[in-house]
>>> print(open('work-v7.txt').read())   # compact mmCIF, C-alpha atoms
# COMPACT_ATOMS: atom_id res chain seq x y z
CA MET A 4 2.70 15.17 -13.34
CA GLY A 5 4.97 12.58 -11.83
CA CYS A 6 7.17 11.84 -14.80
CA ILE A 7 6.85 14.95 -16.98
CA SER A 8 8.31 18.17 -15.56
CA PRO A 9 6.26 21.38 -15.74
CA ASP A 10 8.50 22.53 -18.61
CA GLY A 11 7.48 19.44 -20.60
CA THR A 12 10.72 17.49 -20.26
CA PRO A 13 10.51 13.92 -19.00
CA THR A 14 12.08 12.97 -15.68
CA GLU A 15 14.46 10.01 -15.41
CA SER A 16 11.57 7.62 -14.85
CA GLY A 17 9.64 9.30 -17.68
CA LYS A 18 12.58 8.79 -20.03
CA LYS A 19 12.79 5.11 -19.08
CA MET A 20 9.11 4.62 -19.89
CA LEU A 21 9.32 6.54 -23.17
CA LEU A 22 12.37 4.56 -24.28
CA ALA A 23 10.59 1.31 -23.45
CA LEU A 24 7.61 2.44 -25.54
CA GLN A 25 9.95 2.87 -28.49
CA LYS A 26 9.61 -0.88 -29.01
CA GLY A 27 5.93 -0.47 -29.88
CA LEU A 28 2.63 -1.15 -28.12
CA ARG A 29 3.36 -2.12 -24.53
CA SER A 30 1.27 -2.85 -21.44
CA PRO A 31 2.13 -1.28 -18.07
CA GLN A 32 3.27 -4.75 -16.94
CA ASP A 33 5.69 -4.95 -19.92
CA ILE A 34 7.06 -1.49 -19.17
CA ALA A 35 7.46 -2.28 -15.46
CA LYS A 36 9.41 -5.42 -16.32
CA GLU A 37 11.62 -3.62 -18.86
CA THR A 38 12.35 -0.55 -16.75
CA GLY A 39 12.44 -2.09 -13.27
CA LEU A 40 10.00 0.59 -12.07
CA PRO A 41 7.15 -0.42 -9.72
CA LEU A 42 3.93 -1.23 -11.57
CA PHE A 43 1.91 1.46 -9.74
CA ARG A 44 4.46 4.04 -10.80
CA VAL A 45 4.32 2.90 -14.43
CA ARG A 46 0.51 2.97 -14.51
CA SER A 47 0.54 6.49 -13.11
CA GLY A 48 3.41 7.62 -15.33
CA LEU A 49 1.88 6.27 -18.54
CA ARG A 50 -1.29 8.24 -17.82
CA ASP A 51 0.83 11.39 -17.47
CA ILE A 52 2.71 10.61 -20.67
CA ALA A 53 -0.61 10.16 -22.48
CA VAL A 54 -2.02 13.41 -21.04
CA ALA A 55 1.13 15.19 -22.27
CA GLY A 56 0.33 13.90 -25.76
CA LEU A 57 3.46 11.73 -25.92
CA ALA A 58 1.64 8.39 -26.06
CA GLU A 59 -1.75 6.99 -26.94
CA GLN A 60 -3.67 4.44 -24.94
CA LYS A 61 -5.07 1.43 -26.77
CA ASP A 62 -7.16 -0.71 -24.42
CA ASP A 63 -4.78 -1.48 -21.55
CA SER A 64 -1.61 -0.73 -23.52
CA TYR A 65 0.24 2.35 -24.74
CA GLU A 66 2.23 3.35 -27.80
CA LEU A 67 4.20 6.47 -28.68
CA SER A 68 2.39 9.29 -30.46
CA PRO A 69 4.17 11.18 -33.28
CA LYS A 70 5.09 13.85 -30.68
CA GLY A 71 6.41 11.14 -28.37
CA THR A 72 8.41 9.51 -31.17
CA GLU A 73 9.99 12.88 -31.93
CA LEU A 74 10.86 13.41 -28.27
CA VAL A 75 12.36 9.94 -27.91
CA ALA A 76 14.52 10.53 -31.00
CA SER A 77 15.93 13.62 -29.31
CA LEU A 78 16.76 11.58 -26.19
CA LEU A 79 18.90 9.07 -28.06
CA MET B 144 -24.09 27.66 18.39
CA GLU B 145 -24.14 23.91 18.09
CA GLU B 146 -20.96 22.49 16.69
CA SER B 147 -21.51 20.54 13.49
CA LYS B 148 -20.54 16.90 13.86
CA GLN B 149 -18.39 15.40 11.16
CA GLU B 150 -19.38 11.84 10.40
CA ILE B 151 -16.49 9.40 10.58
CA ARG B 152 -16.94 6.50 8.20
CA LEU B 153 -14.62 3.59 8.60
CA PRO B 154 -13.97 1.09 5.84
CA ARG B 155 -14.90 -2.46 6.80
CA LEU B 156 -12.76 -5.55 6.70
CA GLY B 157 -13.49 -7.76 3.73
CA GLU B 158 -14.98 -4.94 1.66
CA PRO B 159 -13.42 -3.03 -1.25
CA ALA B 160 -11.11 -0.23 -0.17
CA PRO B 161 -12.48 3.27 -0.81
CA ASP B 162 -11.38 4.45 -4.25
CA PHE B 163 -9.18 7.52 -4.64
CA GLU B 164 -7.05 9.55 -7.00
CA ALA B 165 -4.61 11.82 -5.21
CA PRO B 166 -1.48 13.91 -5.68
CA THR B 167 1.60 12.27 -4.19
CA THR B 168 5.32 12.87 -4.07
CA HIS B 169 5.57 10.40 -6.98
CA GLY B 170 2.83 11.97 -9.11
CA THR B 171 -0.92 11.46 -9.22
CA ILE B 172 -1.80 7.98 -8.02
CA ARG B 173 -5.07 6.05 -8.06
CA LEU B 174 -5.95 3.16 -5.82
CA ASP B 175 -6.28 0.89 -8.84
CA ASP B 176 -2.68 1.61 -9.83
CA TYR B 177 -1.92 -0.93 -7.09
CA LYS B 178 -4.23 -3.63 -8.44
CA GLY B 179 -2.37 -6.94 -8.33
CA SER B 180 -0.08 -5.85 -5.46
CA TRP B 181 -0.58 -5.75 -1.73
CA LEU B 182 -0.70 -2.20 -0.42
CA VAL B 183 -0.03 -0.77 3.02
CA LEU B 184 -1.66 2.65 3.17
CA PHE B 185 -0.60 4.46 6.33
CA SER B 186 -1.38 7.90 7.67
CA HIS B 187 0.73 10.13 9.90
CA PRO B 188 -0.37 13.28 11.73
CA ALA B 189 2.06 15.80 10.24
CA ASP B 190 5.37 16.29 8.47
CA PHE B 191 8.32 17.63 10.50
CA THR B 192 7.15 16.08 13.77
CA PRO B 193 9.33 13.73 15.84
CA VAL B 194 7.19 10.59 16.23
CA CYS B 195 6.23 10.67 12.53
CA THR B 196 9.87 11.06 11.55
CA THR B 197 10.83 7.95 13.55
CA GLU B 198 7.97 6.06 11.91
CA PHE B 199 8.93 7.15 8.41
CA MET B 200 12.49 6.03 8.94
CA ALA B 201 11.19 2.74 10.33
CA PHE B 202 8.84 2.22 7.36
CA ALA B 203 11.79 2.94 5.05
CA GLU B 204 13.80 0.30 6.92
CA ILE B 205 11.19 -2.42 6.29
CA TYR B 206 10.56 -1.31 2.69
CA GLU B 207 12.85 -3.97 1.24
CA GLU B 208 11.20 -6.70 3.34
CA LEU B 209 7.80 -5.51 2.16
CA GLN B 210 8.95 -5.55 -1.46
CA LYS B 211 10.05 -9.18 -1.04
CA ARG B 212 6.46 -9.91 -0.01
CA GLY B 213 4.99 -8.03 -3.00
CA VAL B 214 3.80 -5.14 -0.83
CA GLU B 215 3.86 -1.46 -1.76
CA LEU B 216 3.84 1.36 0.81
CA LEU B 217 1.87 4.58 0.50
CA GLY B 218 1.91 7.34 3.12
CA ILE B 219 -0.68 10.07 3.62
CA SER B 220 -1.14 13.18 5.73
CA VAL B 221 -2.93 16.52 5.64
CA ASP B 222 0.15 18.34 4.33
CA SER B 223 1.13 19.80 0.98
CA ILE B 224 3.36 18.22 -1.66
CA THR B 225 5.93 20.94 -0.96
CA SER B 226 5.94 20.07 2.74
CA HIS B 227 6.28 16.34 1.98
CA ILE B 228 9.18 16.97 -0.42
CA ALA B 229 10.94 19.23 2.09
CA TRP B 230 10.46 16.71 4.91
CA VAL B 231 11.65 13.72 2.85
CA ARG B 232 14.72 15.70 1.79
CA ASN B 233 15.32 16.74 5.41
CA VAL B 234 15.11 13.14 6.67
CA GLU B 235 17.62 12.07 4.02
CA GLU B 236 19.95 14.99 4.78
CA LYS B 237 19.81 14.81 8.59
CA ALA B 238 19.32 11.10 9.21
CA GLY B 239 20.70 9.58 6.01
CA VAL B 240 17.45 7.68 5.39
CA LYS B 241 15.96 7.73 1.90
CA ILE B 242 12.16 7.51 1.79
CA PRO B 243 11.46 5.29 -1.22
CA PHE B 244 7.65 5.30 -1.22
CA PRO B 245 5.12 7.99 -2.25
CA ILE B 246 3.18 10.18 0.18
CA ILE B 247 -0.29 11.53 -0.55
CA ALA B 248 -0.79 15.26 -0.02
CA ASP B 249 -4.35 15.23 1.30
CA LEU B 250 -4.86 18.90 2.08
CA ASN B 251 -8.65 18.73 1.62
CA LYS B 252 -8.83 15.49 3.69
CA GLU B 253 -10.66 13.79 0.84
CA VAL B 254 -8.79 10.49 1.10
CA ALA B 255 -8.48 10.71 4.90
CA GLY B 256 -12.25 11.17 5.11
CA ARG B 257 -12.95 8.10 3.01
CA PHE B 258 -10.72 5.98 5.21
CA GLY B 259 -11.89 7.49 8.52
CA MET B 260 -8.39 8.70 9.37
CA VAL B 261 -9.37 11.93 11.15
CA HIS B 262 -10.62 11.31 14.68
CA PRO B 263 -11.72 14.66 16.16
CA GLY B 264 -11.23 13.37 19.70
CA GLN B 265 -7.53 13.19 18.85
CA SER B 266 -7.23 16.06 16.38
CA LYS B 267 -9.64 17.89 14.11
CA THR B 268 -6.93 18.77 11.62
CA GLU B 269 -4.54 15.81 11.58
CA THR B 270 -4.84 12.16 10.66
CA VAL B 271 -4.24 9.62 13.42
CA ARG B 272 -1.75 6.80 12.87
CA CYS B 273 -3.69 4.35 10.69
CA VAL B 274 -2.49 1.34 8.75
CA PHE B 275 -4.71 -0.23 6.10
CA VAL B 276 -3.60 -3.49 4.56
CA ILE B 277 -5.22 -3.83 1.14
CA ASP B 278 -4.87 -7.04 -0.84
CA PRO B 279 -4.18 -7.47 -4.59
CA ASN B 280 -7.96 -7.50 -5.24
CA GLN B 281 -8.18 -4.15 -3.40
CA ILE B 282 -10.08 -5.60 -0.44
CA VAL B 283 -9.39 -4.16 3.02
CA ARG B 284 -7.84 -7.04 4.95
CA ALA B 285 -6.64 -5.37 8.14
CA MET B 286 -6.75 -2.03 9.90
CA ILE B 287 -4.62 -0.70 12.75
CA TYR B 288 -5.30 2.59 14.54
CA TYR B 289 -2.78 4.18 16.89
CA PRO B 290 -3.11 7.51 18.71
CA LEU B 291 -1.06 10.59 17.89
CA THR B 292 1.29 9.92 20.79
CA THR B 293 2.34 6.39 19.96
CA GLY B 294 4.56 5.23 17.13
CA ARG B 295 3.69 2.00 15.36
CA ASN B 296 5.55 -1.30 15.53
CA MET B 297 7.04 -2.29 12.17
CA ALA B 298 7.60 -5.90 13.25
CA GLU B 299 3.83 -6.15 13.77
CA VAL B 300 3.16 -4.69 10.31
CA LEU B 301 5.42 -7.35 8.76
CA ARG B 302 3.95 -10.09 10.96
CA LEU B 303 0.44 -9.09 9.91
CA ILE B 304 1.37 -9.22 6.22
CA ASP B 305 3.04 -12.61 6.70
CA ALA B 306 -0.05 -13.91 8.49
CA LEU B 307 -2.48 -12.67 5.82
CA GLN B 308 -0.39 -14.10 2.99
CA THR B 309 -0.03 -17.43 4.82
CA ILE B 310 -3.78 -17.56 5.43
CA ASP B 311 -4.47 -16.93 1.72
CA GLN B 312 -1.92 -19.43 0.54
CA HIS B 313 -2.80 -22.32 2.86
CA GLY B 314 -6.44 -21.76 3.90
CA VAL B 315 -5.58 -21.69 7.60
CA ALA B 316 -5.72 -19.22 10.50
CA THR B 317 -2.93 -18.00 12.76
CA PRO B 318 -2.88 -18.15 16.57
CA ALA B 319 -1.90 -15.44 19.05
CA ASN B 320 1.65 -14.20 18.64
CA TRP B 321 2.11 -16.34 15.52
CA LYS B 322 5.20 -15.75 13.49
CA PRO B 323 6.44 -17.41 10.29
CA GLY B 324 7.58 -20.97 10.99
CA ASP B 325 5.13 -21.48 13.88
CA MET B 326 2.24 -23.94 13.67
CA VAL B 327 -1.01 -22.66 12.18
CA ILE B 328 -4.63 -23.27 13.13
CA VAL B 329 -6.64 -25.73 11.06
CA PRO B 330 -10.15 -24.29 10.45
CA PRO B 331 -12.64 -25.96 12.86
CA PRO B 332 -14.84 -28.76 11.49
CA ASN B 333 -18.38 -27.87 10.42
CA THR B 334 -20.16 -31.17 11.08
CA GLN B 335 -20.16 -33.93 13.71
CA GLU B 336 -18.69 -36.33 11.17
CA MET B 337 -15.82 -33.93 10.42
CA ALA B 338 -15.27 -33.39 14.16
CA LYS B 339 -14.94 -37.16 14.71
CA GLU B 340 -12.59 -37.53 11.77
CA ARG B 341 -10.54 -34.50 12.75
CA LEU B 342 -9.07 -36.27 15.78
CA LYS B 343 -7.85 -39.13 13.58
CA GLN B 344 -5.92 -36.77 11.32
CA ARG B 345 -2.27 -36.00 11.81
CA TYR B 346 -2.80 -32.68 13.52
CA GLU B 347 -1.72 -31.55 16.94
CA CYS B 348 -5.13 -31.21 18.64
CA VAL B 349 -6.15 -29.90 22.04
CA ASP B 350 -9.66 -31.02 21.17
CA TRP B 351 -11.74 -31.52 18.01
CA TYR B 352 -12.24 -27.77 17.49
CA PHE B 353 -8.68 -26.71 18.23
CA CYS B 354 -6.05 -28.29 16.00
CA LYS B 355 -2.73 -27.00 14.76
CA LYS B 356 -0.44 -28.16 12.00
CA LYS B 357 2.95 -27.38 10.57
CA LEU B 358 3.16 -25.97 7.08
>>> encode(input="work-v7.txt", output="structure tokens")
Amino acid sequence: MGCISPDGTPTESGKKMLLALQKGLRSPQDIAKETGLPLFRVRSGLRDIAVAGLAEQKDDSYELSPKGTELVASLL
Amino acid sequence: MEESKQEIRLPRLGEPAPDFEAPTTHGTIRLDDYKGSWLVLFSHPADFTPVCTTEFMAFAEIYEELQKRGVELLGISVDSITSHIAWVRNVEEKAGVKIPFPIIADLNKEVAGRFGMVHPGQSKTETVRCVFVIDPNQIVRAMIYYPLTTGRNMAEVLRLIDALQTIDQHGVATPANWKPGDMVIVPPPNTQEMAKERLKQRYECVDWYFCKKKL
């Protein structure tokens, strides 16, 4: 996974995306704008974050899962 | 025993780029992750080889210019992720050049096969030096193929992008050796009436079928 390390911890770019998701349901375009990461990287990263169970996809957007919310709280 | 022939399929200009999902140095990437952006997908024969290293440093040098044009870069070769990471780190350590774009690790040649990047006459195991320019609608707009021995020209890659974007924006064509700021070609008239009228318009015309204008 590009933004979640094998030990389950998010990378720097993963943290940026997770923190941006803290604001609620966001599209990859929103996250790219907020984080300054390239859109392709955000699309790929959000898939990884969802596969890791940290976010849920709703149509073309994502929001934090309870596990993701817990992880983000520990990052703050 | 007769050697089995591997079919080389080349994508065609104006058709959708072959779809893929592949491991890269920036994580797993799909072609449609680039939807809405221009993409330059380029192959190199192998990591830790001299010509490829010069090309990678040269692609890194034009990365900012490409970004200004809304273009993403994506490299590919038949090497592992570990090899790519080691090479990128080596280039940064030895040459001071940071490689900012992802590189596909195409060990099973799945992506290379779809794009016709392996030419057995050159090498049965390595990709030749291809450049595919893919537009925001994921249509293949241009292809460049160079042999293993010859590094590509980054000024031409930029010029090609500039030409394609100018063509899309203004509905024109570009003449030989065109560069931004030069006159562009007005599409030839389709009827006798248009041909007659063409010469009355404020274009610089050699004849009715060959007119240029400034943008």
>>> closest_atom_pairs(input="work-v7.txt", of="chain A", to="chain B", cutoff="6 Å", atoms="all atoms listed in the file", output="CSV")
residue,atom,partner,partner_atom,distance
A:Met4,CA,B:Gly170,CA,5.3
A:Gly5,CA,B:Gly170,CA,3.5
A:Phe43,CA,B:Asp176,CA,4.6
A:Arg46,CA,B:Asp176,CA,5.8
A:Ser47,CA,B:Ile172,CA,5.8
>>> atom_distance(input="work-v7.txt", atom1="CA of Pro323 in chain B", atom2="CA of Cys273 in chain B")
24.0 Å
>>> atom_distance(input="work-v7.txt", atom1="CA of Thr309 in chain B", atom2="CA of Leu216 in chain B")
19.6 Å
>>> residues_near_point(input="work-v7.txt", point="(9.7, 3.6, -31.0)", cutoff="10 Å", atoms="only C-alpha atoms", output="PDB file with C-alpha atoms, in the coordinates of the input")
ATOM      1  CA  LEU A  21       9.320   6.540 -23.170  1.00  0.00           C
ATOM      2  CA  LEU A  22      12.370   4.560 -24.280  1.00  0.00           C
ATOM      3  CA  ALA A  23      10.590   1.310 -23.450  1.00  0.00           C
ATOM      4  CA  LEU A  24       7.610   2.440 -25.540  1.00  0.00           C
ATOM      5  CA  GLN A  25       9.950   2.870 -28.490  1.00  0.00           C
ATOM      6  CA  LYS A  26       9.610  -0.880 -29.010  1.00  0.00           C
ATOM      7  CA  GLY A  27       5.930  -0.470 -29.880  1.00  0.00           C
ATOM      8  CA  LEU A  28       2.630  -1.150 -28.120  1.00  0.00           C
ATOM      9  CA  GLU A  66       2.230   3.350 -27.800  1.00  0.00           C
ATOM     10  CA  LEU A  67       4.200   6.470 -28.680  1.00  0.00           C
ATOM     11  CA  SER A  68       2.390   9.290 -30.460  1.00  0.00           C
ATOM     12  CA  PRO A  69       4.170  11.180 -33.280  1.00  0.00           C
ATOM     13  CA  GLY A  71       6.410  11.140 -28.370  1.00  0.00           C
ATOM     14  CA  THR A  72       8.410   9.510 -31.170  1.00  0.00           C
ATOM     15  CA  GLU A  73       9.990  12.880 -31.930  1.00  0.00           C
ATOM     16  CA  VAL A  75      12.360   9.940 -27.910  1.00  0.00           C
ATOM     17  CA  ALA A  76      14.520  10.530 -31.000  1.00  0.00           C
TER      18      ALA A  76
END
>>> atom_distance(input="work-v7.txt", atom1="CA of Phe163 in chain B", atom2="CA of Arg284 in chain B")
17.5 Å
>>> residues_around(input="work-v7.txt", residues="range 231-243 of chain B", least_positions_apart="4", cutoff="9 Å", atoms="only C-alpha atoms", output="list in words")
Asp190, Phe191, Thr196, Phe199, Met200, Phe202, Ala203, Glu204, Tyr206, Leu216, Ser226 and His227 of chain B
>>> residues_near_point(input="work-v7.txt", point="(5.5, 8.0, 13.4)", cutoff="6 Å", atoms="all atoms listed in the file", output="MDAnalysis selection string")
chainID B and resid 194:198 294
>>> write_last_selection(input="work-v7.txt", atoms="C-alpha atoms", output="PDB file, in the coordinates of the input")
ATOM      1  CA  VAL B 194       7.190  10.590  16.230  1.00  0.00           C
ATOM      2  CA  CYS B 195       6.230  10.670  12.530  1.00  0.00           C
ATOM      3  CA  THR B 196       9.870  11.060  11.550  1.00  0.00           C
ATOM      4  CA  THR B 197      10.830   7.950  13.550  1.00  0.00           C
ATOM      5  CA  GLU B 198       7.970   6.060  11.910  1.00  0.00           C
ATOM      6  CA  GLY B 294       4.560   5.230  17.130  1.00  0.00           C
TER       7      GLY B 294
END
>>> residues_around(input="work-v7.txt", residues="Pro31 in chain A", least_positions_apart="5", cutoff="8 Å", atoms="only C-alpha atoms", output="ChimeraX atom specification")
/A:42,45-46,49,63-65
>>> write_last_selection(input="work-v7.txt", atoms="C-alpha atoms", output="PDB file, keeping the file's coordinate frame")
ATOM      1  CA  LEU A  42       3.930  -1.230 -11.570  1.00  0.00           C
ATOM      2  CA  VAL A  45       4.320   2.900 -14.430  1.00  0.00           C
ATOM      3  CA  ARG A  46       0.510   2.970 -14.510  1.00  0.00           C
ATOM      4  CA  LEU A  49       1.880   6.270 -18.540  1.00  0.00           C
ATOM      5  CA  ASP A  63      -4.780  -1.480 -21.550  1.00  0.00           C
ATOM      6  CA  SER A  64      -1.610  -0.730 -23.520  1.00  0.00           C
ATOM      7  CA  TYR A  65       0.240   2.350 -24.740  1.00  0.00           C
TER       8      TYR A  65
END
>>> residues_around(input="work-v7.txt", residues="Gln265 in chain B", least_positions_apart="6", cutoff="8 Å", atoms="all atoms listed in the file", output="PyMOL selection string")
chain B and resi 271+290-291
>>> closest_residue(input="work-v7.txt", among="A:Lys61, A:Arg44, A:Arg29, A:Lys19", to="Leu217 in chain B", atoms="all atoms listed in the file")
A:Arg44
>>> residues_around(input="work-v7.txt", residues="Ala189 in chain B", least_positions_apart="6", cutoff="9 Å", atoms="all atoms listed in the file", output="ChimeraX atom specification")
/B:195,220-222,269-270
>>> closest_residue(input="work-v7.txt", among="A:Leu74, A:Ile7, A:Ala55, A:Met20", to="Gln32 in chain A", atoms="all atoms listed in the file")
A:Met20
>>> closest_residue(input="work-v7.txt", among="B:Asp162, B:Gly324, B:Trp351, B:Lys252", to="Met337 in chain B", atoms="all atoms listed in the file")
B:Trp351
>>> decode(input="work-v7.txt", residues="range 10-20 of chain A", atoms="all heavy atoms", output="PDB file, in the first residue's frame")
ATOM      1  N   ASP A  10       3.112  -2.166   8.719  1.00  0.00           N
ATOM      2  CA  ASP A  10       2.741  -2.322  10.137  1.00  0.00           C
ATOM      3  C   ASP A  10       1.430  -1.599  10.476  1.00  0.00           C
ATOM      4  O   ASP A  10       1.030  -1.529  11.639  1.00  0.00           O
ATOM      5  CB  ASP A  10       3.875  -1.824  11.046  1.00  0.00           C
ATOM      6  CG  ASP A  10       4.113  -0.316  10.921  1.00  0.00           C
ATOM      7  OD1 ASP A  10       3.385   0.352  10.152  1.00  0.00           O
ATOM      8  OD2 ASP A  10       5.020   0.196  11.604  1.00  0.00           O
ATOM      9  N   GLY A  11       0.782  -1.054   9.452  1.00  0.00           N
ATOM     10  CA  GLY A  11      -0.533  -0.434   9.664  1.00  0.00           C
ATOM     11  C   GLY A  11      -0.490   1.055   9.952  1.00  0.00           C
ATOM     12  O   GLY A  11      -1.546   1.702  10.032  1.00  0.00           O
ATOM     13  N   THR A  12       0.696   1.625  10.100  1.00  0.00           N
ATOM     14  CA  THR A  12       0.761   3.066  10.377  1.00  0.00           C
ATOM     15  C   THR A  12       0.757   3.858   9.066  1.00  0.00           C
ATOM     16  O   THR A  12       1.347   3.433   8.074  1.00  0.00           O
ATOM     17  CB  THR A  12       2.042   3.439  11.174  1.00  0.00           C
ATOM     18  OG1 THR A  12       3.169   2.974  10.431  1.00  0.00           O
ATOM     19  CG2 THR A  12       2.048   2.810  12.550  1.00  0.00           C
ATOM     20  N   PRO A  13       0.062   4.984   9.063  1.00  0.00           N
ATOM     21  CA  PRO A  13       0.026   5.776   7.821  1.00  0.00           C
ATOM     22  C   PRO A  13       1.354   6.495   7.571  1.00  0.00           C
ATOM     23  O   PRO A  13       2.029   6.890   8.514  1.00  0.00           O
ATOM     24  CB  PRO A  13      -1.098   6.795   8.079  1.00  0.00           C
ATOM     25  CG  PRO A  13      -1.260   6.855   9.553  1.00  0.00           C
ATOM     26  CD  PRO A  13      -0.758   5.560  10.135  1.00  0.00           C
ATOM     27  N   THR A  14       1.687   6.642   6.300  1.00  0.00           N
ATOM     28  CA  THR A  14       2.870   7.420   5.917  1.00  0.00           C
ATOM     29  C   THR A  14       2.514   8.912   6.029  1.00  0.00           C
ATOM     30  O   THR A  14       1.365   9.252   6.357  1.00  0.00           O
ATOM     31  CB  THR A  14       3.258   7.118   4.462  1.00  0.00           C
ATOM     32  OG1 THR A  14       2.161   7.527   3.629  1.00  0.00           O
ATOM     33  CG2 THR A  14       3.552   5.643   4.238  1.00  0.00           C
ATOM     34  N   GLU A  15       3.464   9.775   5.711  1.00  0.00           N
ATOM     35  CA  GLU A  15       3.192  11.213   5.769  1.00  0.00           C
ATOM     36  C   GLU A  15       2.012  11.597   4.876  1.00  0.00           C
ATOM     37  O   GLU A  15       1.119  12.335   5.282  1.00  0.00           O
ATOM     38  CB  GLU A  15       4.436  12.008   5.356  1.00  0.00           C
ATOM     39  CG  GLU A  15       5.477  12.153   6.456  1.00  0.00           C
ATOM     40  CD  GLU A  15       4.915  12.726   7.761  1.00  0.00           C
ATOM     41  OE1 GLU A  15       4.248  13.770   7.708  1.00  0.00           O
ATOM     42  OE2 GLU A  15       5.135  12.108   8.819  1.00  0.00           O
ATOM     43  N   SER A  16       2.024  11.050   3.647  1.00  0.00           N
ATOM     44  CA  SER A  16       0.914  11.386   2.741  1.00  0.00           C
ATOM     45  C   SER A  16      -0.391  10.763   3.254  1.00  0.00           C
ATOM     46  O   SER A  16      -1.463  11.366   3.147  1.00  0.00           O
ATOM     47  CB  SER A  16       1.217  10.941   1.311  1.00  0.00           C
ATOM     48  OG  SER A  16       1.442   9.552   1.252  1.00  0.00           O
ATOM     49  N   GLY A  17      -0.292   9.574   3.833  1.00  0.00           N
ATOM     50  CA  GLY A  17      -1.481   8.930   4.413  1.00  0.00           C
ATOM     51  C   GLY A  17      -2.066   9.762   5.541  1.00  0.00           C
ATOM     52  O   GLY A  17      -3.290   9.946   5.636  1.00  0.00           O
ATOM     53  N   LYS A  18      -1.181  10.298   6.380  1.00  0.00           N
ATOM     54  CA  LYS A  18      -1.648  11.137   7.500  1.00  0.00           C
ATOM     55  C   LYS A  18      -2.358  12.384   6.970  1.00  0.00           C
ATOM     56  O   LYS A  18      -3.406  12.772   7.486  1.00  0.00           O
ATOM     57  CB  LYS A  18      -0.447  11.568   8.358  1.00  0.00           C
ATOM     58  CG  LYS A  18       0.035  10.502   9.321  1.00  0.00           C
ATOM     59  CD  LYS A  18       1.257  11.015  10.081  1.00  0.00           C
ATOM     60  CE  LYS A  18       1.954   9.853  10.767  1.00  0.00           C
ATOM     61  NZ  LYS A  18       3.278  10.209  11.271  1.00  0.00           N
ATOM     62  N   LYS A  19      -1.776  12.989   5.940  1.00  0.00           N
ATOM     63  CA  LYS A  19      -2.396  14.193   5.362  1.00  0.00           C
ATOM     64  C   LYS A  19      -3.813  13.894   4.893  1.00  0.00           C
ATOM     65  O   LYS A  19      -4.745  14.668   5.119  1.00  0.00           O
ATOM     66  CB  LYS A  19      -1.564  14.692   4.166  1.00  0.00           C
ATOM     67  CG  LYS A  19      -0.321  15.449   4.534  1.00  0.00           C
ATOM     68  CD  LYS A  19       0.352  15.956   3.267  1.00  0.00           C
ATOM     69  CE  LYS A  19       1.691  16.589   3.579  1.00  0.00           C
ATOM     70  NZ  LYS A  19       2.429  16.972   2.374  1.00  0.00           N
ATOM     71  N   MET A  20      -3.967  12.745   4.218  1.00  0.00           N
ATOM     72  CA  MET A  20      -5.299  12.394   3.687  1.00  0.00           C
ATOM     73  C   MET A  20      -6.275  12.094   4.824  1.00  0.00           C
ATOM     74  O   MET A  20      -7.424  12.525   4.804  1.00  0.00           O
ATOM     75  CB  MET A  20      -5.175  11.195   2.740  1.00  0.00           C
ATOM     76  CG  MET A  20      -4.554  11.555   1.410  1.00  0.00           C
ATOM     77  SD  MET A  20      -4.528  10.154   0.278  1.00  0.00           S
ATOM     78  CE  MET A  20      -2.793   9.837   0.183  1.00  0.00           C
TER      79      MET A  20
END
